[in-house]
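Read through the structure below, which is laid out as structure tokens, and then see the notes.
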Amino acid sequence: MEWIYNFLFSAVFAVYLFIKAPKYNKNRWLWAVLGYFFTIFALCVFFIRTDRKSLGWILFSIIALLLIVGALLVFGILYFFGSLKG
């Protein structure tokens, strides 16, 4: 069931980029494929490449920060529970 949500989430980004790309003289098929496979990162790059740099960099910074915090949280939990055994 989760694959349906993943497909829909990716499809939304692909359709958005497919529609918006020609307005900025970009290849719609390329951006749709990138949007499907790389979702939010493709959207960040699209914003940066289409003169909406501040929005793209802010979105990219938020996503990168969330990924770093998430990774640190996972490693912290693994370290904590690993130290309880020893």
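Ligands are numbered from 1 in the order shown, residues from 1 within each chain, and chains are lettered A, B, ... in the order they appear in the structure tokens.
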- Sel. of alpha helix (DSSP H) residues, region 13-46 of chain A, as a list in words: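 Secondary structure check on region 13-46 of chain A, alpha helix (DSSP H): Phe13, Ala14, Val15, Tyr16, Leu17, Phe18, Ile19, Lys20, Arg28, Trp29, Leu30, Trp31, Ala32, Val33, Leu34, Gly35, Tyr36, Phe37, Phe38, Thr39, Ile40, Phe41, Ala42, Leu43, Cys44, Val45 and Phe46 of chain A.
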Do a neighbour search on region 1-11 of chain A at 7 Å with only C-alpha atoms, toss out local chain neighbours closer than 6 positions, and write the hits as a short mmCIF file (atom, residue, chain, number, x, y, z; two decimals) with all heavy atoms, in the first residue's frame.
data_model
loop_
_atom_site.label_atom_id
_atom_site.label_comp_id
_atom_site.auth_asym_id
_atom_site.auth_seq_id
_atom_site.Cartn_x
_atom_site.Cartn_y
_atom_site.Cartn_z
N GLY A 35 11.98 14.98 -11.72
CA GLY A 35 11.01 15.18 -10.64
C GLY A 35 10.45 13.88 -10.11
O GLY A 35 10.17 13.75 -8.92
N TYR A 36 10.28 12.92 -11.00
CA TYR A 36 9.76 11.62 -10.54
C TYR A 36 10.78 10.86 -9.71
O TYR A 36 10.44 10.30 -8.67
CB TYR A 36 9.32 10.77 -11.75
CG TYR A 36 8.71 9.47 -11.31
CD1 TYR A 36 7.41 9.43 -10.86
CD2 TYR A 36 9.45 8.30 -11.31
CE1 TYR A 36 6.84 8.24 -10.44
CE2 TYR A 36 8.89 7.11 -10.89
CZ TYR A 36 7.59 7.09 -10.45
OH TYR A 36 7.03 5.92 -10.01
N PHE A 37 12.03 10.85 -10.15
CA PHE A 37 13.03 10.04 -9.46
C PHE A 37 13.69 10.75 -8.28
O PHE A 37 14.08 10.10 -7.31
CB PHE A 37 14.10 9.56 -10.44
CG PHE A 37 13.59 8.49 -11.36
CD1 PHE A 37 13.39 8.75 -12.70
CD2 PHE A 37 13.29 7.24 -10.88
CE1 PHE A 37 12.92 7.78 -13.55
CE2 PHE A 37 12.80 6.25 -11.72
CZ PHE A 37 12.62 6.52 -13.06
N THR A 39 12.38 13.79 -6.78
CA THR A 39 11.32 14.56 -6.13
C THR A 39 11.76 15.92 -5.61
O THR A 39 11.96 16.83 -6.40
CB THR A 39 10.65 13.74 -5.01
OG1 THR A 39 11.61 13.35 -4.05
CG2 THR A 39 9.98 12.53 -5.57
#
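The protein and nucleic acid residues lying at most 12 Å from Ile19 (chain A) are A:Val12, A:Phe13, A:Ala14, A:Val15, A:Lys23, A:Tyr24, A:Asn25, A:Lys26, A:Asn27, A:Arg28, A:Trp29, A:Leu30, A:Trp31, A:Ala32, A:Gly35, with only C-alpha atoms considered and sequence neighbours fewer than 4 positions away removed.
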Output N, CA and C atoms for every residue in that selection, as an mmCIF file, in the first residue's frame.
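That gives us selection-v5.cif:
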data_model
loop_
_atom_site.group_PDB
_atom_site.id
_atom_site.type_symbol
_atom_site.label_atom_id
_atom_site.label_comp_id
_atom_site.auth_asym_id
_atom_site.auth_seq_id
_atom_site.Cartn_x
_atom_site.Cartn_y
_atom_site.Cartn_z
ATOM 1 N N VAL A 12 3.249 13.729 -8.428
ATOM 2 C CA VAL A 12 2.877 15.129 -8.232
ATOM 3 C C VAL A 12 4.039 16.042 -8.604
ATOM 4 N N PHE A 13 5.248 15.697 -8.151
ATOM 5 C CA PHE A 13 6.417 16.498 -8.498
ATOM 6 C C PHE A 13 6.680 16.446 -9.999
ATOM 7 N N ALA A 14 6.543 15.268 -10.600
ATOM 8 C CA ALA A 14 6.788 15.129 -12.036
ATOM 9 C C ALA A 14 5.803 15.963 -12.850
ATOM 10 N N VAL A 15 4.548 15.923 -12.495
ATOM 11 C CA VAL A 15 3.529 16.684 -13.227
ATOM 12 C C VAL A 15 3.755 18.184 -13.054
ATOM 13 N N LYS A 23 7.572 27.053 -19.337
ATOM 14 C CA LYS A 23 7.443 28.484 -19.042
ATOM 15 C C LYS A 23 8.803 29.134 -18.826
ATOM 16 N N TYR A 24 9.806 28.328 -18.529
ATOM 17 C CA TYR A 24 11.166 28.834 -18.297
ATOM 18 C C TYR A 24 12.141 28.330 -19.368
ATOM 19 N N ASN A 25 11.602 27.896 -20.513
ATOM 20 C CA ASN A 25 12.401 27.392 -21.643
ATOM 21 C C ASN A 25 13.273 26.207 -21.244
ATOM 22 N N LYS A 26 12.717 25.316 -20.463
ATOM 23 C CA LYS A 26 13.411 24.091 -20.050
ATOM 24 C C LYS A 26 12.711 22.896 -20.691
ATOM 25 N N ASN A 27 13.437 21.802 -20.805
ATOM 26 C CA ASN A 27 12.887 20.584 -21.390
ATOM 27 C C ASN A 27 11.909 19.940 -20.409
ATOM 28 N N ARG A 28 10.646 19.879 -20.806
ATOM 29 C CA ARG A 28 9.621 19.368 -19.887
ATOM 30 C C ARG A 28 9.803 17.902 -19.551
ATOM 31 N N TRP A 29 10.240 17.083 -20.521
ATOM 32 C CA TRP A 29 10.396 15.644 -20.251
ATOM 33 C C TRP A 29 11.567 15.377 -19.308
ATOM 34 N N LEU A 30 12.641 16.101 -19.495
ATOM 35 C CA LEU A 30 13.794 15.940 -18.609
ATOM 36 C C LEU A 30 13.415 16.274 -17.171
ATOM 37 N N TRP A 31 12.755 17.397 -16.974
ATOM 38 C CA TRP A 31 12.401 17.813 -15.621
ATOM 39 C C TRP A 31 11.336 16.915 -15.009
ATOM 40 N N ALA A 32 10.449 16.378 -15.841
ATOM 41 C CA ALA A 32 9.446 15.441 -15.319
ATOM 42 C C ALA A 32 10.109 14.157 -14.824
ATOM 43 N N GLY A 35 11.977 14.984 -11.715
ATOM 44 C CA GLY A 35 11.010 15.185 -10.641
ATOM 45 C C GLY A 35 10.450 13.882 -10.111
#
- Task: Go ahead and compute the interatomic distance for CA of Leu55 (chain A) and CA of Phe41 (chain A), in Å to one decimal.
- Result: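 So the answer is 12.4 Å.
Here CA of Leu73 (chain A) stands at a distance of 28.2 Å from CA of Ser54 (chain A).
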- What does the distance between CA of Cys44 (chain A) and CA of Trp57 (chain A) come to in Å, to one decimal place? 6.9 Å
